[in-house]
Amino acid sequence: MALSREQLAQRVARELEDGYYVNLGIGIPTLVANYIPEGVEVMLQSENGLLGMGPFPTEEQVDADMVNAGKQTVTAIKGASIFSSAESFAMIRGGHVDLTVLGAFEVDVEGSIASYMIPGKLIKGMGGAMDLVAGADNIIVTMTHASKHGESKLLPRCTLPLTGFGCIRKVVTDLAYIEIADGRFWLRERAPGVSVDEIVRLTAGEMVVPEVVPEMVF
Amino acid sequence: MALSREQLAQRVARELEDGYYVNLGIGIPTLVANYIPEGVEVMLQSENGLLGMGPFPTEEQVDADMVNAGKQTVTAIKGASIFSSAESFAMIRGGHVDLTVLGAFEVDVEGSIASYMIPGKLIKGMGGAMDLVAGADNIIVTMTHASKHGESKLLPRCTLPLTGFGCIRKVVTDLAYIEIADGRFWLRERAPGVSVDEIVRLTAGEMVVPEVVPEMVF
Amino acid sequence: MAGFDKVVANYAEAMVGLEDGMTVLAGGFGLCGIPENLINEIRRKGTRDLTVVSNNCGVDGFGLGVLLEDRQIRKMVSSYVGENKLFEEQLLAGILEVELTPQGTLAEKMRAGGAGIPAFFTATGYGTPVGEGKESRVFNGRHYIMEEAIVGDFAIVKAWKGDRFGNLIYRHAAQNFNPMVATAGKITVAEVEEIVEPGELEPSQVHTPGIYIDRLIQGHFEKRIEKRTVREG
Amino acid sequence: MAGFDKVVANYAEAMVGLEDGMTVLAGGFGLCGIPENLINEIRRKGTRDLTVVSNNCGVDGFGLGVLLEDRQIRKMVSSYVGENKLFEEQLLAGILEVELTPQGTLAEKMRAGGAGIPAFFTATGYGTPVGEGKESRVFNGRHYIMEEAIVGDFAIVKAWKGDRFGNLIYRHAAQNFNPMVATAGKITVAEVEEIVEPGELEPSQVHTPGIYIDRLIQGHFEKRIEKRTVREG
């Protein structure tokens, strides 16, 4: 069975290490915060200018001056710091954030990612996504493996305009955990009950399939 | 008579306007702070990272964490701000300081300045001088008009390594107030009792001499 | 102006000199920390053909969105403009131009503009539509593109407290783009929740030194919330 | 390390991993705000062939000057090195190299190093010995040179207060180069006058966010004054 949104978040959360500074994109990546493993502490960075983002506020705590990169009202943890957006992206661009998790439309065997623009549709903008993919060494993309029509999102080459060129090494889809290296996809894990054949069939880019592909356990 | 150090500072101080942010270099420029005209308020910038430098501290006020660009202990006025050296030079390089006053070895008709290095002597470094001359629109150089041996410091072309290229428009020497424009010096004022002839004789670079050259009054 | 007192009497005075065709930089992120009254004054003034540089364009009827109603904006330089119906309409009708700029590059372009740095290299946007037509170069085996600084004719920011000398402190995450915007305007106007006397702000805690601020005004703020998200108390 | 607690037990632990031949960035201006105990630990450790990037090289017997005594520094990158007899001797003897860098360019090169900007343009140094051999270019009719970023293997800074997460606040003008140095080290070590608990520093008043700090230690400081200037009380 394909992973649920929660399972996707759970699988991504296993990549978290103690002491990681993490930037979580909008959507499924945000859910990762709910599955931080036992014994692991991470600190959330929000690119508008907040390090140490806390949970949503209670009604009484709501403050218009306290929002995250998704413009949602949030809180700050003890030991947080708040700074300008220039400082925030200095932090991101300079590679100081340990892990970035974000969604995508397409990823290719070179590690390029398309996530912000579908030609013909209205372009709303890339926000901080281009800076995030260019700045981080360690990025996890989460997305469905294929479109509703069965078209693979793991391609030999992205067809949509790129958000970043050659910057993605890890992808968690609803079917598999895949690494990108040497211009190929490497199948590392499969979702429970999903066959290697199905993953291969829905992966358009060249993929290396090891003899044993462990099943994820939840 | 050639101007004294105090008179040099006094003459420079007449260029101050109300509301000016000013950076004063080490030596004679520092004395300018003693001659701020009546009704004029200026704020002193110190390039290590202080805007709103006050007078030297009393014995009781001395604080090792409160120094100016000359590494002297200083105080801060009410309404001062303190920041990093990157921010300080952003301010300087970005042209936000209204007036910079500094000394020099040589100035030439193109407005180039040499002030930090005499080949063959030990080079101690340029500190912030190169940033200051490159960043400010409005710079006043103060220096003696000629060396003890009568060699002009106002040259067709600087002979020493430059601190800045084509950036100086105003020079106050112990003999004259001179502006630089169109590749020439323009004699604007002379020190009390100093003849135009003497100034001309001690100026190596091409100089335009108007019919009337007013005498400075102190 | 006497000495360093930057306080002006009213909003009309705050925006004196703003003319048709100018470039205006505006602080704020979404609706957080925006100079809402200065924006309203631009609306009232009716200045047209503006190029506005701001991370977003407000929402319909609030923030920079109000400048769309009388078509005062000709071009918007932003990283994200998805919150605004009127924006979309004017864009599709071809009466509004947009230059999408990655958020971090936008912040850095304004910081550079204020800091006298005409251009810098960044990996952001290399190999993407943002990098098209821009010079690229390899440093230490990695590809970068050259981005140029942004300087505005006017810059408008919103802070929490400001002293009469223009020293500003921002409140919480309302800081966002305001500090860079403040440095990059030929004329910079700040509106604050509270004007205090010089000496009341701790010098080393000032976010924006007064040297960047030309005019200061105290305003009342609605502080509209764009996405109110709460949890059980 | 458990979670984000950056506090280390002693100075030896603070400087673990420093090796011969490395580049060390050090905060401070003159003797103001220098990481004096971390410098002394480098002395004690005897690490050699260091390239040290710092605005100055201390004075004889204090600050970075102590690293000259056993000839631990091979190259110094500074804007001004005029306060030090031993420095002069080693320079003239050819056992020490110096790369003079304008003060603002030095600050910006380290800021760029920490911010992922490999190079930037500045007018500072154009047409001077600093600009020789560097690419120059005209923007808006003005000449600029390209300067590249500086990144260090180690960065050592001194702050006033730091919380266990490494968030730092500097005291008065002891801020100077410390914030940029803190961002530009592969390993950054901070020593502070006082370690406080997370939550004790106001988030928007933190000068250096803890993300830049790998290790934190509380020290005792002599805070020697370089030029004591006073007026009548």
# chains A, B, ... in the order shown; residues from 1 in each chain; ligands from 1

$ residues_around --residues "C:Asn167" --least-positions-apart "6" --cutoff "12 Å" --atoms "only C-alpha atoms" --output "PyMOL selection string"
(chain B and resi 51-52+78-83) or (chain C and resi 4-7+159-161+179+182+189-192+194-216)

$ residues_around --residues "B:Phe105" --least-positions-apart "6" --cutoff "9 Å" --atoms "only C-alpha atoms" --output "MDAnalysis selection string"
chainID B and resid 113:118 143:144 153 160

$ closest_atom_pairs --of "chain A" --to "chain C" --cutoff "6 Å" --atoms "only C-alpha atoms" --output "Markdown table"
| residue | atom | partner | partner_atom | distance |
| --- | --- | --- | --- | --- |
| A:Asn48 | CA | C:Asn176 | CA | 5.7 |
| A:Gly49 | CA | C:Asn176 | CA | 5.9 |
| A:Phe56 | CA | C:Val230 | CA | 5.1 |
| A:Pro57 | CA | C:Val230 | CA | 5.1 |
| A:Thr58 | CA | C:Gly233 | CA | 4.8 |
| A:Ala64 | CA | C:Ile225 | CA | 5.5 |
| A:Asp65 | CA | C:Ala174 | CA | 4.9 |
| A:Met66 | CA | C:Ala173 | CA | 5.1 |
| A:Lys71 | CA | C:Lys227 | CA | 6.0 |
| A:Gln72 | CA | C:Lys227 | CA | 4.7 |
| A:Thr73 | CA | C:Thr229 | CA | 5.4 |
| A:Ser84 | CA | C:Asn176 | CA | 4.5 |
| A:Ser85 | CA | C:Asn176 | CA | 4.8 |
| A:Ala86 | CA | C:Ala107 | CA | 5.0 |
| A:Phe89 | CA | C:Gly104 | CA | 5.0 |
| A:Lys124 | CA | C:Gly82 | CA | 4.7 |
| A:Gly125 | CA | C:Tyr80 | CA | 4.3 |
| A:Met126 | CA | C:Ser79 | CA | 5.9 |
| A:Gly127 | CA | C:Ser79 | CA | 4.6 |
| A:Gly128 | CA | C:Gln103 | CA | 4.7 |
| A:Met130 | CA | C:Thr124 | CA | 5.7 |
| A:Asp131 | CA | C:Thr124 | CA | 5.0 |
| A:Ala134 | CA | C:Thr124 | CA | 5.1 |
| A:Leu162 | CA | C:Thr128 | CA | 4.8 |
| A:Thr163 | CA | C:Thr128 | CA | 6.0 |
| A:Phe165 | CA | C:Gly127 | CA | 5.4 |

$ write_last_selection --atoms "N, CA, C and O atoms" --output "compact mmCIF listing (two decimals), in the first residue's frame"
# COMPACT_ATOMS: atom_id res chain seq x y z
N ASN A 48 11.44 33.10 7.21
CA ASN A 48 11.20 34.54 7.37
C ASN A 48 12.12 35.15 8.42
O ASN A 48 12.39 36.35 8.38
N GLY A 49 12.62 34.29 9.35
CA GLY A 49 13.59 34.83 10.30
C GLY A 49 13.44 34.33 11.73
O GLY A 49 13.53 35.09 12.67
N PHE A 56 1.77 25.87 17.29
CA PHE A 56 0.81 26.95 17.09
C PHE A 56 0.46 27.54 18.46
O PHE A 56 0.51 26.83 19.45
N PRO A 57 0.07 28.80 18.49
CA PRO A 57 -0.27 29.42 19.78
C PRO A 57 -1.66 29.00 20.24
O PRO A 57 -2.48 28.55 19.44
N THR A 58 -1.92 29.16 21.53
CA THR A 58 -3.30 29.08 22.00
C THR A 58 -3.99 30.38 21.58
O THR A 58 -3.32 31.33 21.18
N ALA A 64 0.13 38.77 16.00
CA ALA A 64 0.30 39.05 14.57
C ALA A 64 1.77 39.20 14.19
O ALA A 64 2.14 39.03 13.02
N ASP A 65 2.61 39.51 15.16
CA ASP A 65 4.04 39.69 14.88
C ASP A 65 4.82 38.39 14.99
O ASP A 65 6.05 38.40 14.94
N MET A 66 4.12 37.29 15.13
CA MET A 66 4.79 36.01 15.33
C MET A 66 4.24 35.00 14.34
O MET A 66 3.28 34.29 14.65
N LYS A 71 3.20 31.96 6.86
CA LYS A 71 2.38 33.08 7.33
C LYS A 71 1.37 32.65 8.38
O LYS A 71 0.42 33.37 8.68
N GLN A 72 1.57 31.47 8.96
CA GLN A 72 0.72 31.00 10.06
C GLN A 72 1.22 31.60 11.37
O GLN A 72 2.42 31.76 11.57
N THR A 73 0.29 31.85 12.28
CA THR A 73 0.70 32.28 13.62
C THR A 73 1.39 31.10 14.33
O THR A 73 0.90 29.96 14.27
N SER A 84 16.58 39.03 10.87
CA SER A 84 16.08 39.51 9.58
C SER A 84 16.06 38.37 8.56
O SER A 84 16.70 37.35 8.73
N SER A 85 15.33 38.60 7.46
CA SER A 85 15.30 37.61 6.39
C SER A 85 16.66 37.50 5.70
O SER A 85 17.01 36.44 5.19
N ALA A 86 17.44 38.55 5.69
CA ALA A 86 18.79 38.47 5.11
C ALA A 86 19.65 37.52 5.95
O ALA A 86 20.35 36.67 5.42
N PHE A 89 18.47 33.88 5.44
CA PHE A 89 18.92 33.23 4.21
C PHE A 89 20.44 33.15 4.14
O PHE A 89 20.98 32.33 3.40
N LYS A 124 2.88 31.71 -9.09
CA LYS A 124 2.74 32.46 -7.84
C LYS A 124 4.08 32.84 -7.24
O LYS A 124 4.17 33.75 -6.42
N GLY A 125 5.12 32.14 -7.63
CA GLY A 125 6.44 32.49 -7.12
C GLY A 125 7.09 31.35 -6.37
O GLY A 125 6.43 30.42 -5.94
N MET A 126 8.40 31.46 -6.24
CA MET A 126 9.18 30.38 -5.62
C MET A 126 9.39 30.59 -4.14
O MET A 126 9.86 29.69 -3.46
N GLY A 127 9.01 31.76 -3.62
CA GLY A 127 9.28 32.02 -2.20
C GLY A 127 10.72 31.70 -1.88
O GLY A 127 11.62 32.13 -2.62
N GLY A 128 10.94 30.94 -0.81
CA GLY A 128 12.31 30.63 -0.41
C GLY A 128 12.82 29.29 -0.93
O GLY A 128 13.93 28.88 -0.61
N MET A 130 13.93 28.12 -3.82
CA MET A 130 15.18 28.09 -4.61
C MET A 130 16.40 28.27 -3.72
O MET A 130 17.44 27.66 -3.94
N ASP A 131 16.27 29.14 -2.72
CA ASP A 131 17.38 29.34 -1.78
C ASP A 131 17.59 28.09 -0.94
O ASP A 131 18.73 27.70 -0.67
N ALA A 134 19.26 25.34 -2.98
CA ALA A 134 20.64 25.69 -3.35
C ALA A 134 21.56 25.72 -2.13
O ALA A 134 22.77 25.54 -2.25
N LEU A 162 13.03 24.36 -13.54
CA LEU A 162 13.69 23.90 -12.33
C LEU A 162 13.59 24.89 -11.17
O LEU A 162 13.64 26.11 -11.38
N THR A 163 13.51 24.33 -9.98
CA THR A 163 13.70 25.11 -8.76
C THR A 163 15.18 25.09 -8.39
O THR A 163 15.72 26.06 -7.85
N PHE A 165 19.13 22.97 -9.57
CA PHE A 165 19.85 22.10 -10.48
C PHE A 165 20.79 21.19 -9.69
O PHE A 165 21.65 21.66 -8.95

$ residues_around --residues "D:Ile156" --least-positions-apart "6" --cutoff "9 Å" --atoms "only C-alpha atoms" --output "PDB file with all heavy atoms, in the first residue's frame"
ATOM      1  N   VAL D  24      42.461  29.841  10.906  1.00  0.00           N
ATOM      2  CA  VAL D  24      41.687  30.191  12.097  1.00  0.00           C
ATOM      3  C   VAL D  24      41.203  31.629  11.975  1.00  0.00           C
ATOM      4  O   VAL D  24      42.003  32.543  11.753  1.00  0.00           O
ATOM      5  CB  VAL D  24      42.545  30.053  13.373  1.00  0.00           C
ATOM      6  CG1 VAL D  24      41.737  30.476  14.603  1.00  0.00           C
ATOM      7  CG2 VAL D  24      43.059  28.628  13.532  1.00  0.00           C
ATOM      8  N   LEU D  25      39.897  31.837  12.105  1.00  0.00           N
ATOM      9  CA  LEU D  25      39.345  33.190  12.125  1.00  0.00           C
ATOM     10  C   LEU D  25      39.150  33.593  13.587  1.00  0.00           C
ATOM     11  O   LEU D  25      38.660  32.794  14.379  1.00  0.00           O
ATOM     12  CB  LEU D  25      37.988  33.242  11.416  1.00  0.00           C
ATOM     13  CG  LEU D  25      37.831  32.464  10.101  1.00  0.00           C
ATOM     14  CD1 LEU D  25      36.441  32.708   9.518  1.00  0.00           C
ATOM     15  CD2 LEU D  25      38.907  32.840   9.111  1.00  0.00           C
ATOM     16  N   ALA D  26      39.536  34.814  13.921  1.00  0.00           N
ATOM     17  CA  ALA D  26      39.400  35.253  15.312  1.00  0.00           C
ATOM     18  C   ALA D  26      38.698  36.593  15.389  1.00  0.00           C
ATOM     19  O   ALA D  26      39.061  37.541  14.688  1.00  0.00           O
ATOM     20  CB  ALA D  26      40.770  35.330  15.978  1.00  0.00           C
ATOM     21  N   GLY D  27      37.681  36.688  16.255  1.00  0.00           N
ATOM     22  CA  GLY D  27      36.956  37.926  16.464  1.00  0.00           C
ATOM     23  C   GLY D  27      37.761  38.919  17.285  1.00  0.00           C
ATOM     24  O   GLY D  27      38.823  38.597  17.827  1.00  0.00           O
ATOM     25  N   ILE D  34      38.285  40.220  22.189  1.00  0.00           N
ATOM     26  CA  ILE D  34      39.026  39.081  21.636  1.00  0.00           C
ATOM     27  C   ILE D  34      38.819  37.830  22.497  1.00  0.00           C
ATOM     28  O   ILE D  34      38.643  37.924  23.707  1.00  0.00           O
ATOM     29  CB  ILE D  34      40.545  39.374  21.528  1.00  0.00           C
ATOM     30  CG1 ILE D  34      41.145  39.705  22.901  1.00  0.00           C
ATOM     31  CG2 ILE D  34      40.812  40.503  20.542  1.00  0.00           C
ATOM     32  CD1 ILE D  34      42.665  39.817  22.884  1.00  0.00           C
ATOM     33  N   PRO D  35      38.846  36.666  21.864  1.00  0.00           N
ATOM     34  CA  PRO D  35      38.702  35.407  22.610  1.00  0.00           C
ATOM     35  C   PRO D  35      40.030  35.043  23.258  1.00  0.00           C
ATOM     36  O   PRO D  35      40.741  34.145  22.806  1.00  0.00           O
ATOM     37  CB  PRO D  35      38.291  34.406  21.522  1.00  0.00           C
ATOM     38  CG  PRO D  35      38.864  34.947  20.254  1.00  0.00           C
ATOM     39  CD  PRO D  35      38.912  36.450  20.410  1.00  0.00           C
ATOM     40  N   LEU D  38      40.779  31.343  24.412  1.00  0.00           N
ATOM     41  CA  LEU D  38      40.868  30.402  23.293  1.00  0.00           C
ATOM     42  C   LEU D  38      42.199  30.596  22.573  1.00  0.00           C
ATOM     43  O   LEU D  38      42.825  29.629  22.128  1.00  0.00           O
ATOM     44  CB  LEU D  38      39.690  30.600  22.333  1.00  0.00           C
ATOM     45  CG  LEU D  38      38.322  30.188  22.900  1.00  0.00           C
ATOM     46  CD1 LEU D  38      37.189  30.672  21.998  1.00  0.00           C
ATOM     47  CD2 LEU D  38      38.252  28.672  23.085  1.00  0.00           C
ATOM     48  N   ILE D  39      42.644  31.837  22.481  1.00  0.00           N
ATOM     49  CA  ILE D  39      43.957  32.109  21.889  1.00  0.00           C
ATOM     50  C   ILE D  39      45.049  31.475  22.747  1.00  0.00           C
ATOM     51  O   ILE D  39      45.956  30.802  22.238  1.00  0.00           O
ATOM     52  CB  ILE D  39      44.176  33.634  21.757  1.00  0.00           C
ATOM     53  CG1 ILE D  39      43.213  34.226  20.718  1.00  0.00           C
ATOM     54  CG2 ILE D  39      45.628  33.938  21.384  1.00  0.00           C
ATOM     55  CD1 ILE D  39      43.135  35.753  20.722  1.00  0.00           C
ATOM     56  N   ASN D 178      33.197  39.893  15.755  1.00  0.00           N
ATOM     57  CA  ASN D 178      32.763  38.588  16.255  1.00  0.00           C
ATOM     58  C   ASN D 178      31.567  37.977  15.517  1.00  0.00           C
ATOM     59  O   ASN D 178      31.591  36.783  15.209  1.00  0.00           O
ATOM     60  CB  ASN D 178      32.497  38.681  17.769  1.00  0.00           C
ATOM     61  CG  ASN D 178      33.784  38.682  18.581  1.00  0.00           C
ATOM     62  OD1 ASN D 178      34.542  37.707  18.557  1.00  0.00           O
ATOM     63  ND2 ASN D 178      34.060  39.766  19.275  1.00  0.00           N
ATOM     64  N   VAL D 181      32.773  36.479  12.130  1.00  0.00           N
ATOM     65  CA  VAL D 181      33.688  35.360  12.382  1.00  0.00           C
ATOM     66  C   VAL D 181      32.888  34.126  12.803  1.00  0.00           C
ATOM     67  O   VAL D 181      33.144  33.014  12.333  1.00  0.00           O
ATOM     68  CB  VAL D 181      34.722  35.752  13.462  1.00  0.00           C
ATOM     69  CG1 VAL D 181      35.449  34.522  13.999  1.00  0.00           C
ATOM     70  CG2 VAL D 181      35.718  36.769  12.903  1.00  0.00           C
ATOM     71  N   ALA D 182      31.883  34.356  13.653  1.00  0.00           N
ATOM     72  CA  ALA D 182      31.089  33.229  14.164  1.00  0.00           C
ATOM     73  C   ALA D 182      30.417  32.441  13.044  1.00  0.00           C
ATOM     74  O   ALA D 182      30.231  31.229  13.145  1.00  0.00           O
ATOM     75  CB  ALA D 182      30.036  33.733  15.144  1.00  0.00           C
ATOM     76  N   GLY D 185      33.200  29.851  10.289  1.00  0.00           N
ATOM     77  CA  GLY D 185      34.079  28.743  10.637  1.00  0.00           C
ATOM     78  C   GLY D 185      33.412  27.400  10.394  1.00  0.00           C
ATOM     79  O   GLY D 185      32.213  27.261  10.591  1.00  0.00           O
ATOM     80  N   ILE D 187      34.181  24.906  12.163  1.00  0.00           N
ATOM     81  CA  ILE D 187      33.884  24.688  13.582  1.00  0.00           C
ATOM     82  C   ILE D 187      34.006  26.046  14.268  1.00  0.00           C
ATOM     83  O   ILE D 187      35.035  26.713  14.144  1.00  0.00           O
ATOM     84  CB  ILE D 187      34.877  23.696  14.226  1.00  0.00           C
ATOM     85  CG1 ILE D 187      34.727  22.323  13.578  1.00  0.00           C
ATOM     86  CG2 ILE D 187      34.655  23.622  15.740  1.00  0.00           C
ATOM     87  CD1 ILE D 187      35.752  21.312  14.047  1.00  0.00           C
ATOM     88  N   THR D 188      32.969  26.467  14.954  1.00  0.00           N
ATOM     89  CA  THR D 188      33.014  27.757  15.644  1.00  0.00           C
ATOM     90  C   THR D 188      32.902  27.551  17.153  1.00  0.00           C
ATOM     91  O   THR D 188      31.993  26.879  17.629  1.00  0.00           O
ATOM     92  CB  THR D 188      31.884  28.681  15.155  1.00  0.00           C
ATOM     93  OG1 THR D 188      32.112  29.005  13.779  1.00  0.00           O
ATOM     94  CG2 THR D 188      31.848  29.975  15.955  1.00  0.00           C
ATOM     95  N   VAL D 189      33.868  28.137  17.852  1.00  0.00           N
ATOM     96  CA  VAL D 189      33.902  28.038  19.306  1.00  0.00           C
ATOM     97  C   VAL D 189      33.708  29.432  19.889  1.00  0.00           C
ATOM     98  O   VAL D 189      34.376  30.380  19.473  1.00  0.00           O
ATOM     99  CB  VAL D 189      35.253  27.458  19.783  1.00  0.00           C
ATOM    100  CG1 VAL D 189      35.221  27.210  21.285  1.00  0.00           C
ATOM    101  CG2 VAL D 189      35.596  26.189  19.024  1.00  0.00           C
ATOM    102  N   ALA D 190      32.811  29.545  20.860  1.00  0.00           N
ATOM    103  CA  ALA D 190      32.570  30.830  21.508  1.00  0.00           C
ATOM    104  C   ALA D 190      32.919  30.737  22.976  1.00  0.00           C
ATOM    105  O   ALA D 190      32.564  29.770  23.639  1.00  0.00           O
ATOM    106  CB  ALA D 190      31.106  31.224  21.343  1.00  0.00           C
ATOM    107  N   GLU D 191      33.634  31.761  23.466  1.00  0.00           N
ATOM    108  CA  GLU D 191      33.786  31.849  24.914  1.00  0.00           C
ATOM    109  C   GLU D 191      33.042  33.079  25.386  1.00  0.00           C
ATOM    110  O   GLU D 191      33.006  34.106  24.693  1.00  0.00           O
ATOM    111  CB  GLU D 191      35.248  31.850  25.352  1.00  0.00           C
ATOM    112  CG  GLU D 191      36.128  32.938  24.797  1.00  0.00           C
ATOM    113  CD  GLU D 191      37.516  32.930  25.463  1.00  0.00           C
ATOM    114  OE1 GLU D 191      37.667  32.356  26.551  1.00  0.00           O
ATOM    115  OE2 GLU D 191      38.445  33.509  24.873  1.00  0.00           O
TER     116      GLU D 191
END

$ select_by_dssp --residues "stretch 3-230 of chain D" --states "helix (DSSP H, G or I)" --output "PyMOL selection string"
chain D and resi 11-14+36-45+63-69+85-92+103-114+129-131+172-174+178-183+203-205+210-212

$ write_last_selection --atoms "C-alpha atoms" --output "PDB file, in the first residue's frame"
ATOM      1  CA  TYR D  11      39.433  24.755  26.951  1.00  0.00           C
ATOM      2  CA  ALA D  12      41.230  21.662  25.689  1.00  0.00           C
ATOM      3  CA  GLU D  13      37.892  20.227  24.629  1.00  0.00           C
ATOM      4  CA  ALA D  14      36.887  23.553  23.112  1.00  0.00           C
ATOM      5  CA  GLU D  36      41.721  35.668  24.872  1.00  0.00           C
ATOM      6  CA  ASN D  37      41.473  32.266  26.539  1.00  0.00           C
ATOM      7  CA  LEU D  38      40.868  30.402  23.293  1.00  0.00           C
ATOM      8  CA  ILE D  39      43.957  32.109  21.889  1.00  0.00           C
ATOM      9  CA  ASN D  40      45.920  31.052  24.956  1.00  0.00           C
ATOM     10  CA  GLU D  41      44.720  27.489  24.431  1.00  0.00           C
ATOM     11  CA  ILE D  42      46.111  27.526  20.876  1.00  0.00           C
ATOM     12  CA  ARG D  43      49.379  28.713  22.394  1.00  0.00           C
ATOM     13  CA  ARG D  44      49.310  25.877  24.947  1.00  0.00           C
ATOM     14  CA  LYS D  45      48.428  23.323  22.267  1.00  0.00           C
ATOM     15  CA  GLY D  63      45.905  38.455  22.353  1.00  0.00           C
ATOM     16  CA  LEU D  64      47.043  36.929  19.070  1.00  0.00           C
ATOM     17  CA  GLY D  65      50.492  38.356  19.781  1.00  0.00           C
ATOM     18  CA  VAL D  66      51.187  35.359  22.044  1.00  0.00           C
ATOM     19  CA  LEU D  67      50.987  33.021  19.050  1.00  0.00           C
ATOM     20  CA  LEU D  68      54.000  34.756  17.552  1.00  0.00           C
ATOM     21  CA  GLU D  69      56.263  33.820  20.456  1.00  0.00           C
ATOM     22  CA  LYS D  85      57.169  44.525  17.725  1.00  0.00           C
ATOM     23  CA  LEU D  86      57.523  40.763  17.397  1.00  0.00           C
ATOM     24  CA  PHE D  87      55.194  40.820  14.394  1.00  0.00           C
ATOM     25  CA  GLU D  88      57.457  43.343  12.685  1.00  0.00           C
ATOM     26  CA  GLU D  89      60.553  41.278  13.412  1.00  0.00           C
ATOM     27  CA  GLN D  90      59.088  38.059  12.043  1.00  0.00           C
ATOM     28  CA  LEU D  91      57.746  39.886   8.995  1.00  0.00           C
ATOM     29  CA  LEU D  92      61.140  41.398   8.211  1.00  0.00           C
ATOM     30  CA  GLN D 103      38.818  46.521   7.183  1.00  0.00           C
ATOM     31  CA  GLY D 104      35.376  46.670   5.590  1.00  0.00           C
ATOM     32  CA  THR D 105      36.333  44.190   2.899  1.00  0.00           C
ATOM     33  CA  LEU D 106      37.681  41.846   5.577  1.00  0.00           C
ATOM     34  CA  ALA D 107      34.411  42.043   7.506  1.00  0.00           C
ATOM     35  CA  GLU D 108      32.383  41.486   4.338  1.00  0.00           C
ATOM     36  CA  LYS D 109      34.564  38.578   3.139  1.00  0.00           C
ATOM     37  CA  MET D 110      33.825  36.709   6.354  1.00  0.00           C
ATOM     38  CA  ARG D 111      30.152  37.611   6.270  1.00  0.00           C
ATOM     39  CA  ALA D 112      30.064  36.298   2.690  1.00  0.00           C
ATOM     40  CA  GLY D 113      31.875  33.127   3.752  1.00  0.00           C
ATOM     41  CA  GLY D 114      29.235  32.415   6.348  1.00  0.00           C
ATOM     42  CA  PRO D 129      47.589  47.685  -4.516  1.00  0.00           C
ATOM     43  CA  VAL D 130      44.609  45.794  -3.021  1.00  0.00           C
ATOM     44  CA  GLY D 131      42.953  45.701  -6.426  1.00  0.00           C
ATOM     45  CA  HIS D 172      28.984  47.290  23.683  1.00  0.00           C
ATOM     46  CA  ALA D 173      31.680  47.720  21.035  1.00  0.00           C
ATOM     47  CA  ALA D 174      33.146  44.296  21.833  1.00  0.00           C
ATOM     48  CA  ASN D 178      32.763  38.588  16.255  1.00  0.00           C
ATOM     49  CA  PRO D 179      29.375  38.121  14.537  1.00  0.00           C
ATOM     50  CA  MET D 180      30.877  37.556  11.078  1.00  0.00           C
ATOM     51  CA  VAL D 181      33.688  35.360  12.382  1.00  0.00           C
ATOM     52  CA  ALA D 182      31.089  33.229  14.164  1.00  0.00           C
ATOM     53  CA  THR D 183      29.327  32.444  10.881  1.00  0.00           C
ATOM     54  CA  PRO D 203      15.011  35.997  20.928  1.00  0.00           C
ATOM     55  CA  SER D 204      14.947  39.165  18.822  1.00  0.00           C
ATOM     56  CA  GLN D 205      17.923  40.579  20.724  1.00  0.00           C
ATOM     57  CA  GLY D 210      23.139  29.370  18.141  1.00  0.00           C
ATOM     58  CA  ILE D 211      23.097  27.586  14.784  1.00  0.00           C
ATOM     59  CA  TYR D 212      26.542  29.054  14.102  1.00  0.00           C
TER      60      TYR D 212
END

$ residues_around --residues "stretch 11-21 of chain A" --least-positions-apart "6" --cutoff "8 Å" --atoms "only C-alpha atoms" --output "ChimeraX atom specification"
/A:32-33,35-37,39-45,96-99,140,142,172 /D:1-4,211

$ residues_around --residues "B:Trp186" --least-positions-apart "6" --cutoff "9 Å" --atoms "only C-alpha atoms" --output "number ranges by chain"
B: 177-180, 206-210

$ residues_around --residues "A:Asn34" --least-positions-apart "5" --cutoff "10 Å" --atoms "only C-alpha atoms" --output "PyMOL selection string"
chain A and resi 6+9-10+13

$ write_last_selection --atoms "C-alpha atoms" --output "tab-separated table (two decimals), in the first residue's frame"
chain	number	residue	atom	x	y	z
A	6	GLU	CA	1.34	10.68	7.93
A	9	ALA	CA	6.13	12.29	7.36
A	10	GLN	CA	7.03	9.43	9.71
A	13	ALA	CA	11.34	11.88	10.43

$ residues_around --residues "B:Gly94" --least-positions-apart "3" --cutoff "6 Å" --atoms "only C-alpha atoms" --output "list of chain:residue names"
B:Ala90, B:Met91, C:Gly114, C:Ala115, C:Gly116

$ closest_residue --among "D:Thr47, D:Glu132, D:Thr23, D:Ile145" --to "chain C" --atoms "only C-alpha atoms"
D:Ile145

$ atom_distance --atom1 "atom CA of A:Pro214" --atom2 "atom CA of A:Ala191"
8.8 Å

$ closest_residue --among "B:Ala76, B:Val101, B:Met1, B:Ile199" --to "B:Val22" --atoms "only C-alpha atoms"
B:Val101
